[in-house]
Amino acid sequence: MRYVRTDGDAQETVITIEGTLDAVTAPELRPALDAVVAERRNPITIDLSSLRLIDSSGVGVLVSLFKRVRANGGEVRIVGLRDQPKAIFRLLRLDRVFPG
Amino acid sequence: MIRLCVPGTLEYRDIALRVVSAASKLVHANSDSATPASRKAAEDFDAQVVSAFGEAFNNIAIHGYVDGRAGDVDIEIDVTGSELRICVRDTGKSFDPSGVPPPEELPERGMGIFIIRSFMDDVTYEVGSAGSPNVLRIMKQWTGAGAAVPVGTPHTAVPVGTPHTAVPVGTPHTAVPVGTPHTPEGLPSDPKGPRSGWRMKRVTSQTGPEQEEARPKPASALGSTRYAKHRR
């Protein structure tokens, strides 16, 4: 798993996640997500167009991000879903939760 | 039969996933792959199998081998005709296969069982004891592109509020798990419930629910729990 954080001129942030986001790699991503929450970045866009595989642990860190940002009045968008990650998001109905 | 035994830690998850992924492809290796629909069906099949198995492995590595427990994960994969059967054995802490979160509650944990039961056609789980391992058996049948169920669609197949009364067969969820199975946090619902588009058939072997709840279960009386899908 590899991620890239890109901050815009305003408060917006885009985090692009590549590879596999699972029980092994999700803990590596969590500090980066904690940081954008602490900095109150908004909106936050998660680009998953290069994500190959996600599991429930990976979903968990994104749901955690969503809840915390929403609690601060912010918004998290998920873009680029495809293949297996898209299947997981649809199964868990997260495609209805995260605006694209 | 493909057999693989790896330590029950996350470091070995990828190895196991790769083997399962390769085995999954055998199921539809001889199927027509000329059309986009058939290729998509094959990709969906593999994605669902790998996702379900990955969650099963996670359960063992994260929740099973804890509190000083350590051990292996024994994996048997059997490809017979259009069926892929995977048997996973471990000697860690057992889990409660009925503990499933409703997706509308946005749980951060415990979605693995939901994924397993949603993506596989048949799931059984036998709680182990000192002398026998926990045994998870999952099965998925290749139906080809024509009858394939696209991933993620079960929820929309049945109107919300459809009565659940026709679904359960056998005993209540609470009757089966014995010992000290872990239950993922905040997970009271059933993926084969009203919105799932699938029916859950639960078969409990051995003793009845009242007896099981009333006393500790001896190793000889360990029950198994089955979740079988039936398309409506």
# chains A, B, ... in the order shown; residues from 1 in each chain; ligands from 1
call {"tool": "interface_residues", "arguments": {"of": "chain A", "to": "chain B", "cutoff": "6 Å", "atoms": "only C-alpha atoms", "output": "NGL selection string"}}
result
:A and (56 or 60 or 63 or 84 or 87 or 90-92)
call {"tool": "residues_around", "arguments": {"residues": "Gly80 of chain A", "least_positions_apart": "3", "cutoff": "6 Å", "atoms": "only C-alpha atoms", "output": "list in words"}}
result
Asp47, Leu48 and Ser49 of chain A
